[in-house]
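Novice: Contents of protein-v4.cif (mmCIF, C-alpha atoms (C1' of nucleotides)):
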```cif
data_protein
#
loop_
_atom_site.group_PDB
_atom_site.id
_atom_site.type_symbol
_atom_site.label_atom_id
_atom_site.label_comp_id
_atom_site.auth_asym_id
_atom_site.auth_seq_id
_atom_site.Cartn_x
_atom_site.Cartn_y
_atom_site.Cartn_z
ATOM 1 C CA MET C 1 306.211 220.309 159.055
ATOM 2 C CA MET C 2 307.795 218.516 156.129
ATOM 3 C CA PRO C 3 309.571 215.158 155.703
ATOM 4 C CA ALA C 4 312.658 217.052 154.527
ATOM 5 C CA HIS C 5 314.082 214.217 152.430
ATOM 6 C CA GLN C 6 314.965 216.636 149.667
ATOM 7 C CA SER C 7 318.020 215.316 147.897
ATOM 8 C CA PRO C 8 319.388 217.170 144.879
ATOM 9 C CA ALA C 9 318.380 214.209 142.734
ATOM 10 C CA GLN C 10 314.814 214.450 143.983
ATOM 11 C CA GLN C 11 314.796 218.168 143.316
ATOM 12 C CA PHE C 12 316.073 217.713 139.777
ATOM 13 C CA ALA C 13 313.481 214.980 139.262
ATOM 14 C CA ALA C 14 310.796 217.413 140.386
ATOM 15 C CA LEU C 15 311.948 219.860 137.711
ATOM 16 C CA GLY C 16 312.291 217.026 135.208
ATOM 17 C CA ASN C 17 308.639 216.997 134.215
ATOM 18 C CA PRO C 18 307.680 219.602 131.596
ATOM 19 C CA LEU C 19 304.458 220.611 133.294
ATOM 20 C CA ARG C 20 306.072 220.796 136.732
ATOM 21 C CA LEU C 21 308.861 222.927 135.337
ATOM 22 C CA GLU C 22 306.251 225.347 133.979
ATOM 23 C CA VAL C 23 304.549 225.408 137.362
ATOM 24 C CA PHE C 24 307.875 226.174 139.016
ATOM 25 C CA ARG C 25 308.637 229.015 136.620
ATOM 26 C CA PHE C 26 305.175 230.494 136.991
ATOM 27 C CA VAL C 27 305.226 230.369 140.782
ATOM 28 C CA ILE C 28 308.656 231.964 140.914
ATOM 29 C CA ARG C 29 307.361 234.841 138.815
ATOM 30 C CA ALA C 30 304.730 235.438 141.469
ATOM 31 C CA GLY C 31 307.478 236.330 143.940
ATOM 32 C CA ARG C 32 307.064 236.077 147.696
ATOM 33 C CA GLU C 33 303.335 236.538 147.356
ATOM 34 C CA GLY C 34 302.877 233.269 145.450
ATOM 35 C CA ARG C 35 299.815 232.112 143.533
ATOM 36 C CA PRO C 36 296.682 230.166 144.458
ATOM 37 C CA ALA C 37 296.444 226.672 142.987
ATOM 38 C CA GLY C 38 293.371 227.614 140.987
ATOM 39 C CA GLU C 39 295.156 230.441 139.234
ATOM 40 C CA ILE C 40 298.067 228.183 138.360
ATOM 41 C CA ALA C 41 295.686 225.537 137.023
ATOM 42 C CA GLN C 42 293.889 228.130 134.931
ATOM 43 C CA HIS C 43 297.090 229.636 133.585
ATOM 44 C CA LEU C 44 298.520 226.277 132.566
ATOM 45 C CA ASP C 45 295.171 224.821 131.522
ATOM 46 C CA VAL C 46 295.419 221.680 133.615
ATOM 47 C CA ALA C 47 292.909 219.765 135.756
ATOM 48 C CA PRO C 48 292.919 220.750 139.441
ATOM 49 C CA SER C 49 293.639 217.234 140.620
ATOM 50 C CA THR C 50 296.509 216.842 138.182
ATOM 51 C CA LEU C 51 298.006 220.130 139.285
ATOM 52 C CA SER C 52 297.590 219.234 142.919
ATOM 53 C CA GLY C 53 299.800 216.205 142.479
ATOM 54 C CA HIS C 54 302.499 218.234 140.773
ATOM 55 C CA LEU C 55 302.353 220.950 143.407
ATOM 56 C CA SER C 56 302.812 218.458 146.195
ATOM 57 C CA ALA C 57 305.711 216.842 144.331
ATOM 58 C CA LEU C 58 307.414 220.233 144.098
ATOM 59 C CA GLN C 59 306.670 220.814 147.752
ATOM 60 C CA ARG C 60 308.004 217.404 148.803
ATOM 61 C CA ALA C 61 311.183 218.239 146.903
ATOM 62 C CA GLY C 62 311.437 221.412 148.959
ATOM 63 C CA LEU C 63 311.116 223.795 146.043
ATOM 64 C CA LEU C 64 307.737 225.282 146.982
ATOM 65 C CA THR C 65 305.937 226.212 150.163
ATOM 66 C CA SER C 66 302.210 226.526 150.717
ATOM 67 C CA ARG C 67 299.909 228.469 152.979
ATOM 68 C CA ARG C 68 296.180 228.806 153.181
ATOM 69 C CA ASP C 69 294.318 232.017 152.409
ATOM 70 C CA ARG C 70 290.625 231.551 153.177
ATOM 71 C CA GLN C 71 289.540 228.711 150.898
ATOM 72 C CA ARG C 72 292.565 228.977 148.675
ATOM 73 C CA MET C 73 295.974 227.367 148.867
ATOM 74 C CA ILE C 74 298.773 229.726 147.965
ATOM 75 C CA TYR C 75 301.992 228.262 146.599
ATOM 76 C CA ALA C 76 305.246 230.178 146.605
ATOM 77 C CA VAL C 77 308.894 229.411 145.960
ATOM 78 C CA ASP C 78 311.084 228.217 148.847
ATOM 79 C CA PRO C 79 314.079 230.500 148.347
ATOM 80 C CA GLY C 80 316.467 228.709 150.690
ATOM 81 C CA HIS C 81 316.113 225.332 149.078
ATOM 82 C CA VAL C 82 316.265 226.739 145.565
ATOM 83 C CA ARG C 83 319.445 228.534 146.532
ATOM 84 C CA ASP C 84 320.846 225.259 147.862
ATOM 85 C CA LEU C 85 320.057 223.532 144.593
ATOM 86 C CA VAL C 86 321.674 226.273 142.521
ATOM 87 C CA GLU C 87 324.716 226.077 144.711
ATOM 88 C CA PHE C 88 324.833 222.290 144.434
ATOM 89 C CA LEU C 89 324.761 222.495 140.645
ATOM 90 C CA LEU C 90 327.422 225.189 140.433
ATOM 91 C CA HIS C 91 329.722 224.164 143.256
ATOM 92 C CA ASP C 92 329.378 220.457 143.721
ATOM 93 C CA CYS C 93 328.499 219.249 140.232
ATOM 94 C CA CYS C 94 330.363 221.759 138.113
ATOM 95 C CA GLN C 95 332.968 222.689 140.712
ATOM 96 C CA GLY C 96 332.793 226.264 139.627
ATOM 97 C CA GLN C 97 334.426 225.596 136.271
ATOM 98 C CA PRO C 98 333.848 228.638 134.049
ATOM 99 C CA GLU C 99 333.480 226.372 131.046
ATOM 100 C CA LEU C 100 330.437 224.766 132.694
ATOM 101 C CA CYS C 101 329.009 227.606 134.750
ATOM 102 C CA GLY C 102 329.517 230.460 132.309
ATOM 103 C CA LEU C 103 329.155 233.861 133.871
ATOM 104 C CA ALA C 104 328.049 232.295 137.123
ATOM 105 C CA SER C 105 331.521 230.850 137.619
ATOM 106 C CA ALA C 106 332.522 234.048 139.342
ATOM 107 C CA ALA C 107 330.220 233.045 142.160
ATOM 108 C CA CYS C 108 331.596 229.530 142.433
ATOM 109 C CA ASP C 109 335.085 230.359 143.607
ATOM 110 C CA GLY C 110 333.989 233.366 145.548
ATOM 111 C CA GLY C 111 335.527 235.598 142.925
ATOM 112 C CA ARG C 112 338.956 234.166 143.533
ATOM 113 C CA PRO C 113 340.892 232.617 140.661
ATOM 114 C CA PRO C 114 341.447 228.819 140.904
ATOM 115 C CA ASP C 115 344.921 227.935 142.193
ATOM 116 C CA MET J 1 324.496 212.780 114.963
ATOM 117 C CA MET J 2 322.194 213.592 117.830
ATOM 118 C CA PRO J 3 318.402 213.953 117.992
ATOM 119 C CA ALA J 4 318.897 217.297 119.717
ATOM 120 C CA HIS J 5 315.618 217.185 121.627
ATOM 121 C CA GLN J 6 317.280 218.386 124.782
ATOM 122 C CA SER J 7 314.738 220.428 126.649
ATOM 123 C CA PRO J 8 315.605 221.765 130.082
ATOM 124 C CA ALA J 9 312.966 219.434 131.525
ATOM 125 C CA GLN J 10 314.626 216.459 129.907
ATOM 126 C CA GLN J 11 317.987 217.576 131.216
ATOM 127 C CA PHE J 12 316.674 217.962 134.742
ATOM 128 C CA ALA J 13 315.025 214.555 134.442
ATOM 129 C CA ALA J 14 318.368 213.105 133.447
ATOM 130 C CA LEU J 15 319.892 214.519 136.628
ATOM 131 C CA GLY J 16 316.852 213.420 138.617
ATOM 132 C CA ASN J 17 318.020 209.866 139.146
ATOM 133 C CA PRO J 18 320.470 209.401 142.051
ATOM 134 C CA LEU J 19 322.771 207.062 140.159
ATOM 135 C CA ARG J 20 322.744 209.221 137.028
ATOM 136 C CA LEU J 21 323.558 212.271 139.116
ATOM 137 C CA GLU J 22 326.588 210.415 140.518
ATOM 138 C CA VAL J 23 327.662 209.473 137.005
ATOM 139 C CA PHE J 24 327.365 213.100 135.950
ATOM 140 C CA ARG J 25 329.447 214.305 138.884
ATOM 141 C CA PHE J 26 332.094 211.664 138.327
ATOM 142 C CA VAL J 27 332.409 212.354 134.611
ATOM 143 C CA ILE J 28 332.677 216.096 135.211
ATOM 144 C CA ARG J 29 335.547 215.459 137.581
ATOM 145 C CA ALA J 30 337.363 213.703 134.747
ATOM 146 C CA GLY J 31 337.508 216.999 132.856
ATOM 147 C CA ARG J 32 337.835 217.231 129.083
ATOM 148 C CA GLU J 33 339.560 213.868 129.003
ATOM 149 C CA GLY J 34 336.470 212.002 130.229
ATOM 150 C CA ARG J 35 336.266 208.431 131.496
ATOM 151 C CA PRO J 36 335.675 205.063 129.851
ATOM 152 C CA ALA J 37 332.355 203.414 130.662
ATOM 153 C CA GLY J 38 334.081 200.520 132.389
ATOM 154 C CA GLU J 39 335.874 202.785 134.818
ATOM 155 C CA ILE J 40 332.653 204.571 135.658
ATOM 156 C CA ALA J 41 330.883 201.262 136.225
ATOM 157 C CA GLN J 42 333.677 200.068 138.466
ATOM 158 C CA HIS J 43 333.799 203.279 140.457
ATOM 159 C CA LEU J 44 330.061 203.321 141.066
ATOM 160 C CA ASP J 45 329.775 199.547 141.421
ATOM 161 C CA VAL J 46 327.004 199.112 138.894
ATOM 162 C CA ALA J 47 326.339 196.529 136.162
ATOM 163 C CA PRO J 48 327.689 197.534 132.735
ATOM 164 C CA SER J 49 324.296 197.233 131.079
ATOM 165 C CA THR J 50 322.668 199.365 133.746
ATOM 166 C CA LEU J 51 325.323 202.026 133.381
ATOM 167 C CA SER J 52 325.059 201.978 129.620
ATOM 168 C CA GLY J 53 321.397 202.948 129.843
ATOM 169 C CA HIS J 54 322.156 205.812 132.173
ATOM 170 C CA LEU J 55 325.013 207.050 130.024
ATOM 171 C CA SER J 56 322.856 207.133 126.942
ATOM 172 C CA ALA J 57 320.107 208.944 128.853
ATOM 173 C CA LEU J 58 322.622 211.612 129.881
ATOM 174 C CA GLN J 59 323.855 211.779 126.314
ATOM 175 C CA ARG J 60 320.341 212.052 124.872
ATOM 176 C CA ALA J 61 319.766 214.921 127.271
ATOM 177 C CA GLY J 62 322.851 216.591 125.854
ATOM 178 C CA LEU J 63 324.826 216.567 129.076
ATOM 179 C CA LEU J 64 327.525 214.105 127.990
ATOM 180 C CA THR J 65 329.403 213.333 124.803
ATOM 181 C CA SER J 66 331.079 210.090 123.826
ATOM 182 C CA ARG J 67 333.951 209.021 121.658
ATOM 183 C CA ARG J 68 335.619 205.714 121.032
ATOM 184 C CA ASP J 69 339.151 204.895 122.095
ATOM 185 C CA ARG J 70 340.086 201.465 120.791
ATOM 186 C CA GLN J 71 337.561 199.118 122.363
ATOM 187 C CA ARG J 72 336.495 201.601 124.978
ATOM 188 C CA MET J 73 333.817 204.270 124.953
ATOM 189 C CA ILE J 74 334.931 207.472 126.616
ATOM 190 C CA TYR J 75 332.283 209.700 128.118
ATOM 191 C CA ALA J 76 332.895 213.353 128.880
ATOM 192 C CA VAL J 77 330.816 216.361 129.834
ATOM 193 C CA ASP J 78 329.275 218.522 127.105
ATOM 194 C CA PRO J 79 330.270 221.963 128.384
ATOM 195 C CA GLY J 80 328.052 224.008 126.103
ATOM 196 C CA HIS J 81 324.843 222.254 127.028
ATOM 197 C CA VAL J 82 325.664 222.221 130.720
ATOM 198 C CA ARG J 83 326.309 225.942 130.515
ATOM 199 C CA ASP J 84 322.946 226.385 128.805
ATOM 200 C CA LEU J 85 321.230 224.480 131.586
ATOM 201 C CA VAL J 86 322.936 226.515 134.295
ATOM 202 C CA GLU J 87 321.930 229.657 132.514
ATOM 203 C CA PHE J 88 318.357 228.452 132.121
ATOM 204 C CA LEU J 89 318.100 227.761 135.843
ATOM 205 C CA LEU J 90 319.616 231.077 136.867
ATOM 206 C CA HIS J 91 318.211 233.390 134.237
ATOM 207 C CA ASP J 92 314.967 231.902 133.043
ATOM 208 C CA CYS J 93 313.712 230.060 136.115
ATOM 209 C CA CYS J 94 315.103 232.243 138.868
ATOM 210 C CA GLN J 95 315.363 235.416 136.817
ATOM 211 C CA GLY J 96 318.601 236.267 138.513
ATOM 212 C CA GLN J 97 316.972 236.971 141.852
ATOM 213 C CA PRO J 98 319.713 237.045 144.501
ATOM 214 C CA GLU J 99 317.371 235.410 146.969
ATOM 215 C CA LEU J 100 317.186 232.358 144.692
ATOM 216 C CA CYS J 101 320.593 232.349 143.042
ATOM 217 C CA GLY J 102 322.750 233.296 146.011
ATOM 218 C CA LEU J 103 326.239 234.374 145.052
ATOM 219 C CA ALA J 104 325.555 233.428 141.459
ATOM 220 C CA SER J 105 323.129 236.308 141.192
ATOM 221 C CA ALA J 106 326.059 238.512 140.288
ATOM 222 C CA ALA J 107 326.249 236.609 137.042
ATOM 223 C CA CYS J 108 322.599 237.183 136.296
ATOM 224 C CA ASP J 109 322.593 240.965 136.296
ATOM 225 C CA GLY J 110 325.533 241.533 134.056
ATOM 226 C CA GLY J 111 328.207 239.074 135.041
ATOM 227 C CA ARG J 112 330.371 241.261 137.220
ATOM 228 C CA PRO J 113 332.009 239.241 140.001
ATOM 229 C CA PRO J 114 331.523 240.820 143.413
ATOM 230 C CA ASP J 115 334.853 242.573 144.077
ATOM 231 C "C1'" DG V 1 272.426 223.651 158.525
ATOM 232 C "C1'" DC V 2 272.946 224.208 153.616
ATOM 233 C "C1'" DT V 3 275.302 225.858 149.542
ATOM 234 C "C1'" DT V 4 279.187 227.436 147.081
ATOM 235 C "C1'" DT V 5 283.952 227.620 146.150
ATOM 236 C "C1'" DA V 6 288.651 225.655 146.305
ATOM 237 C "C1'" DA V 7 291.660 222.093 146.635
ATOM 238 C "C1'" DT V 8 292.984 217.415 147.799
ATOM 239 C "C1'" DT V 9 292.491 212.457 148.007
ATOM 240 C "C1'" DC V 10 291.225 208.237 146.033
ATOM 241 C "C1'" DA V 11 290.817 204.506 142.650
ATOM 242 C "C1'" DT V 12 291.742 203.348 138.165
ATOM 243 C "C1'" DT V 13 294.311 202.889 134.032
ATOM 244 C "C1'" DA V 14 298.134 203.567 131.013
ATOM 245 C "C1'" DT V 15 302.709 204.546 130.571
ATOM 246 C "C1'" DT V 16 307.344 204.881 131.811
ATOM 247 C "C1'" DT V 17 311.348 203.882 134.410
ATOM 248 C "C1'" DC V 18 314.669 201.006 136.427
ATOM 249 C "C1'" DC V 19 317.575 197.090 136.978
ATOM 250 C "C1'" DC V 20 319.343 192.742 135.820
ATOM 251 C "C1'" DG V 21 321.304 188.767 133.081
ATOM 252 C "C1'" DA V 22 321.888 186.940 128.575
ATOM 253 C "C1'" DA V 23 322.926 187.661 124.004
ATOM 254 C "C1'" DA V 24 324.724 190.577 120.427
ATOM 255 C "C1'" DT V 25 327.980 193.957 118.573
ATOM 256 C "C1'" DA V 26 332.501 196.172 117.964
ATOM 257 C "C1'" DA V 27 337.413 196.540 118.071
ATOM 258 C "C1'" DT V 28 341.817 194.449 118.981
ATOM 259 C "C1'" DG V 29 345.470 191.235 118.684
ATOM 260 C "C1'" DA V 30 347.412 186.553 118.467
ATOM 261 C "C1'" DT E 1 339.967 182.965 112.043
ATOM 262 C "C1'" DC E 2 339.554 182.766 116.975
ATOM 263 C "C1'" DA E 3 339.735 184.538 121.477
ATOM 264 C "C1'" DT E 4 339.533 188.519 124.388
ATOM 265 C "C1'" DT E 5 337.912 192.817 126.024
ATOM 266 C "C1'" DA E 6 334.515 196.538 126.225
ATOM 267 C "C1'" DT E 7 330.096 198.067 125.595
ATOM 268 C "C1'" DT E 8 325.453 197.990 123.955
ATOM 269 C "C1'" DT E 9 321.027 195.906 122.980
ATOM 270 C "C1'" DC E 10 317.339 192.945 124.190
ATOM 271 C "C1'" DG E 11 313.704 190.935 127.099
ATOM 272 C "C1'" DG E 12 311.267 190.729 131.143
ATOM 273 C "C1'" DG E 13 309.353 191.893 135.545
ATOM 274 C "C1'" DA E 14 308.757 195.015 139.404
ATOM 275 C "C1'" DA E 15 308.096 199.593 140.755
ATOM 276 C "C1'" DA E 16 307.190 204.344 140.031
ATOM 277 C "C1'" DT E 17 304.845 208.025 137.537
ATOM 278 C "C1'" DA E 18 301.088 210.510 135.283
ATOM 279 C "C1'" DA E 19 296.407 211.690 134.048
ATOM 280 C "C1'" DT E 20 291.498 211.287 134.864
ATOM 281 C "C1'" DG E 21 286.953 211.738 137.067
ATOM 282 C "C1'" DA E 22 284.451 210.976 141.222
ATOM 283 C "C1'" DA E 23 284.300 211.525 145.978
ATOM 284 C "C1'" DT E 24 286.026 214.036 149.997
ATOM 285 C "C1'" DT E 25 287.686 217.657 152.890
ATOM 286 C "C1'" DA E 26 287.954 222.566 154.170
ATOM 287 C "C1'" DA E 27 286.519 227.240 154.631
ATOM 288 C "C1'" DA E 28 283.138 230.877 153.931
ATOM 289 C "C1'" DG E 29 278.753 233.090 153.658
ATOM 290 C "C1'" DC E 30 273.837 233.048 153.878
#
```
Let me see whether you can do it: turn the structure in this file into structure tokens.
Specialist:
Amino acid sequence: MMPAHQSPAQQFAALGNPLRLEVFRFVIRAGREGRPAGEIAQHLDVAPSTLSGHLSALQRAGLLTSRRDRQRMIYAVDPGHVRDLVEFLLHDCCQGQPELCGLASAACDGGRPPD
Amino acid sequence: MMPAHQSPAQQFAALGNPLRLEVFRFVIRAGREGRPAGEIAQHLDVAPSTLSGHLSALQRAGLLTSRRDRQRMIYAVDPGHVRDLVEFLLHDCCQGQPELCGLASAACDGGRPPD
DNA sequence: GCTTTAATTCATTATTTCCCGAAATAATGA
DNA sequence: TCATTATTTCGGGAAATAATGAATTAAAGC
């Protein structure tokens, strides 16, 4: 289905472009249902071909999925991979340190205090 | 002191390079104390000039701070900005959805750790 | 089969990124 | 001052990225 070479670095890089980050945020707000490419392009006022490249970059990174609905391509968030990325940032990068994770630190040590 | 143009996109971009992501992880593991550039270069086996560019990119993004200790430059994590980025990802991007944030979702809807 | 709609691919161009070695800068100490 | 150590800046070249419009593919309906 997908090359599945989605490293955390590649995922961060995918979010590291301002327009792509907006795409990501907009698609997430569409929930499971997702949004057709045309709607995203219209909302962000960007050329279809430009958007298409960004969508496939986000998809290659594993952050979005796509399905076809009649003539339209619907993009939606890939919850599993986003969860993995969040966990990587909190656990692996920040090691659950409250100073770095803020309120989310509770989730990093499973609610247990560090020893 | 600092241009302070640290958008979330720029911060993600800074983490979007494999070597820079390793630098970030290594520096975080050094805690408040931080690590001199030379030690980082040695640990990651990278040319000093190459590392210097990556360090300043991470610093421009607001993720690291630097101070001088005699001849050496010590780099350390910038906790406040990292916390902001974590919060942006969880709150703004993922809107605290448990499906996207995993265990960290507890932090997004009020910060209570799961007891 | 033809037309319309929707999205992607392609080719081009411009820009940026990345890495290296060499030179420059900064701080220290003899 | 001179030498040493540590890091940054500079310059260049290769590779990757981004935006654009034109052409192409895909699905649907008549």
Novice: For the contact check between chain J and chain C, emit one row per residue of chain J within 9 Å, containing the shortest atom pair and the distance in Å rounded to one decimal, counting all atoms listed in the file, chain then rising number order, as a tab-separated table.
Specialist:
```
residue	atom	partner	partner_atom	distance
J:Ser7	CA	C:Pro18	CA	8.7
J:Pro8	CA	C:Gly16	CA	7.7
J:Ala9	CA	C:Gly16	CA	4.5
J:Gln10	CA	C:Gly16	CA	5.8
J:Gln11	CA	C:Gly16	CA	7.0
J:Phe12	CA	C:Gly16	CA	4.5
J:Ala13	CA	C:Gly16	CA	3.8
J:Ala14	CA	C:Gly16	CA	7.4
J:Leu15	CA	C:Phe12	CA	5.9
J:Gly16	CA	C:Ala13	CA	3.8
J:Asn17	CA	C:Ala9	CA	5.6
J:Pro18	CA	C:Ala9	CA	5.3
J:Leu19	CA	C:Ala9	CA	8.8
J:Arg20	CA	C:Ala9	CA	8.7
J:Leu21	CA	C:Ala9	CA	6.6
J:Phe24	CA	C:Cys93	CA	7.6
J:Arg25	CA	C:Cys93	CA	5.2
J:Phe26	CA	C:Cys93	CA	8.6
J:Ile28	CA	C:Cys94	CA	6.8
J:Arg29	CA	C:Cys94	CA	8.2
J:Val77	CA	C:Leu100	CA	8.9
J:Asp78	CA	C:Leu100	CA	8.5
J:Pro79	CA	C:Leu100	CA	5.1
J:Gly80	CA	C:Leu100	CA	7.1
J:His81	CA	C:Leu100	CA	8.3
J:Val82	CA	C:Leu100	CA	5.8
J:Arg83	CA	C:Leu100	CA	4.8
J:Asp84	CA	C:Gly102	CA	8.5
J:Leu85	CA	C:Cys101	CA	9.0
J:Val86	CA	C:Cys101	CA	6.2
J:Glu87	CA	C:Gly102	CA	7.6
J:Leu89	CA	C:Val86	CA	7.7
J:Leu90	CA	C:Val86	CA	7.7
J:Asp92	CA	C:Arg25	CA	7.8
J:Cys93	CA	C:Arg25	CA	5.2
J:Cys94	CA	C:Ile28	CA	6.8
J:Gln95	CA	C:Arg29	CA	8.3
J:Pro98	CA	C:Arg83	CA	8.8
J:Glu99	CA	C:Pro79	CA	6.1
J:Leu100	CA	C:Arg83	CA	4.8
J:Cys101	CA	C:Arg83	CA	5.3
J:Gly102	CA	C:Arg83	CA	5.8
J:Leu103	CA	C:Ala107	CA	5.1
J:Ala104	CA	C:Ala107	CA	4.7
J:Ser105	CA	C:Ala104	CA	7.5
J:Ala106	CA	C:Ala107	CA	7.1
J:Ala107	CA	C:Ala104	CA	4.7
J:Cys108	CA	C:Ala104	CA	7.4
J:Gly110	CA	C:Leu103	CA	8.5
J:Gly111	CA	C:Leu103	CA	5.4
J:Arg112	CA	C:Ala106	CA	7.8
J:Pro113	CA	C:Ala106	CA	5.3
J:Pro114	CA	C:Gly111	CA	6.6
J:Asp115	CA	C:Gly111	CA	7.1
```
Novice: In Å, how much C-alpha RMSD is there between chain J and chain C after the fit, with all atoms paired in order?
Specialist: 2.6 Å
Novice: Kindly determine which residues of chain C lie within 8 Å of chain V, considering all atoms listed in the file, and give the answer as number ranges by chain.
Specialist: C: 37-38, 48-49, 52, 71-73
Novice: Would you list which chain E residues are within 10 Å of chain J using all atoms listed in the file, as a list in words?
Specialist: DT5, DA6, DT7, DT8 and DT9 of chain E
Novice: In Å, with one decimal, what is the gap from atom CA of Leu44 of chain J to atom CA of Gln59 of chain J?
Specialist: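 If I compute the distance from atom CA of Leu44 of chain J to atom CA of Gln59 of chain J, I get 18.1 Å.
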Novice: Could you state the separation of atom C1' of DA28 of chain E and atom CA of Leu55 of chain C in Å, given to one decimal place?
Specialist: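 Separation of atom C1' of DA28 of chain E and atom CA of Leu55 of chain C: 24.1 Å.
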Novice: Would you compute the distance between atom CA of Gly96 of chain J and atom CA of Arg60 of chain C? Give it in Å to one decimal.
Specialist: 24.0 Å
Novice: Any chance you could build segment 35-49 of chain J out to N, CA and C atoms and write it as an mmCIF file, in the frame of the given file?
Specialist:
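Now in out.cif:
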```cif
data_model
loop_
_atom_site.group_PDB
_atom_site.id
_atom_site.type_symbol
_atom_site.label_atom_id
_atom_site.label_comp_id
_atom_site.auth_asym_id
_atom_site.auth_seq_id
_atom_site.Cartn_x
_atom_site.Cartn_y
_atom_site.Cartn_z
ATOM 1 N N ARG J 35 335.999 209.729 130.873
ATOM 2 C CA ARG J 35 336.266 208.431 131.496
ATOM 3 C C ARG J 35 335.618 207.329 130.664
ATOM 4 N N PRO J 36 336.292 206.196 130.534
ATOM 5 C CA PRO J 36 335.675 205.063 129.851
ATOM 6 C C PRO J 36 334.530 204.481 130.682
ATOM 7 N N ALA J 37 333.541 203.939 129.996
ATOM 8 C CA ALA J 37 332.355 203.414 130.662
ATOM 9 C C ALA J 37 332.722 202.401 131.743
ATOM 10 N N GLY J 38 333.690 201.546 131.434
ATOM 11 C CA GLY J 38 334.081 200.520 132.389
ATOM 12 C C GLY J 38 334.577 201.073 133.706
ATOM 13 N N GLU J 39 335.350 202.161 133.601
ATOM 14 C CA GLU J 39 335.874 202.785 134.818
ATOM 15 C C GLU J 39 334.752 203.384 135.657
ATOM 16 N N ILE J 40 333.793 203.971 134.958
ATOM 17 C CA ILE J 40 332.653 204.571 135.658
ATOM 18 C C ILE J 40 331.859 203.481 136.367
ATOM 19 N N ALA J 41 331.642 202.372 135.644
ATOM 20 C CA ALA J 41 330.883 201.262 136.225
ATOM 21 C C ALA J 41 331.591 200.711 137.457
ATOM 22 N N GLN J 42 332.907 200.592 137.348
ATOM 23 C CA GLN J 42 333.677 200.068 138.466
ATOM 24 C C GLN J 42 333.606 201.011 139.661
ATOM 25 N N HIS J 43 333.786 202.294 139.382
ATOM 26 C CA HIS J 43 333.799 203.279 140.457
ATOM 27 C C HIS J 43 332.467 203.343 141.188
ATOM 28 N N LEU J 44 331.383 203.199 140.448
ATOM 29 C CA LEU J 44 330.061 203.321 141.066
ATOM 30 C C LEU J 44 329.460 201.957 141.381
ATOM 31 N N ASP J 45 330.212 200.902 141.085
ATOM 32 C CA ASP J 45 329.775 199.547 141.421
ATOM 33 C C ASP J 45 328.379 199.249 140.865
ATOM 34 N N VAL J 46 328.283 199.330 139.547
ATOM 35 C CA VAL J 46 327.004 199.112 138.894
ATOM 36 C C VAL J 46 327.226 198.237 137.659
ATOM 37 N N ALA J 47 326.228 197.429 137.307
ATOM 38 C CA ALA J 47 326.339 196.529 136.162
ATOM 39 C C ALA J 47 326.542 197.325 134.875
ATOM 40 N N PRO J 48 327.397 196.833 133.987
ATOM 41 C CA PRO J 48 327.689 197.534 132.735
ATOM 42 C C PRO J 48 326.434 197.884 131.950
ATOM 43 N N SER J 49 325.489 196.961 131.882
ATOM 44 C CA SER J 49 324.296 197.233 131.079
ATOM 45 C C SER J 49 323.440 198.317 131.725
#
```
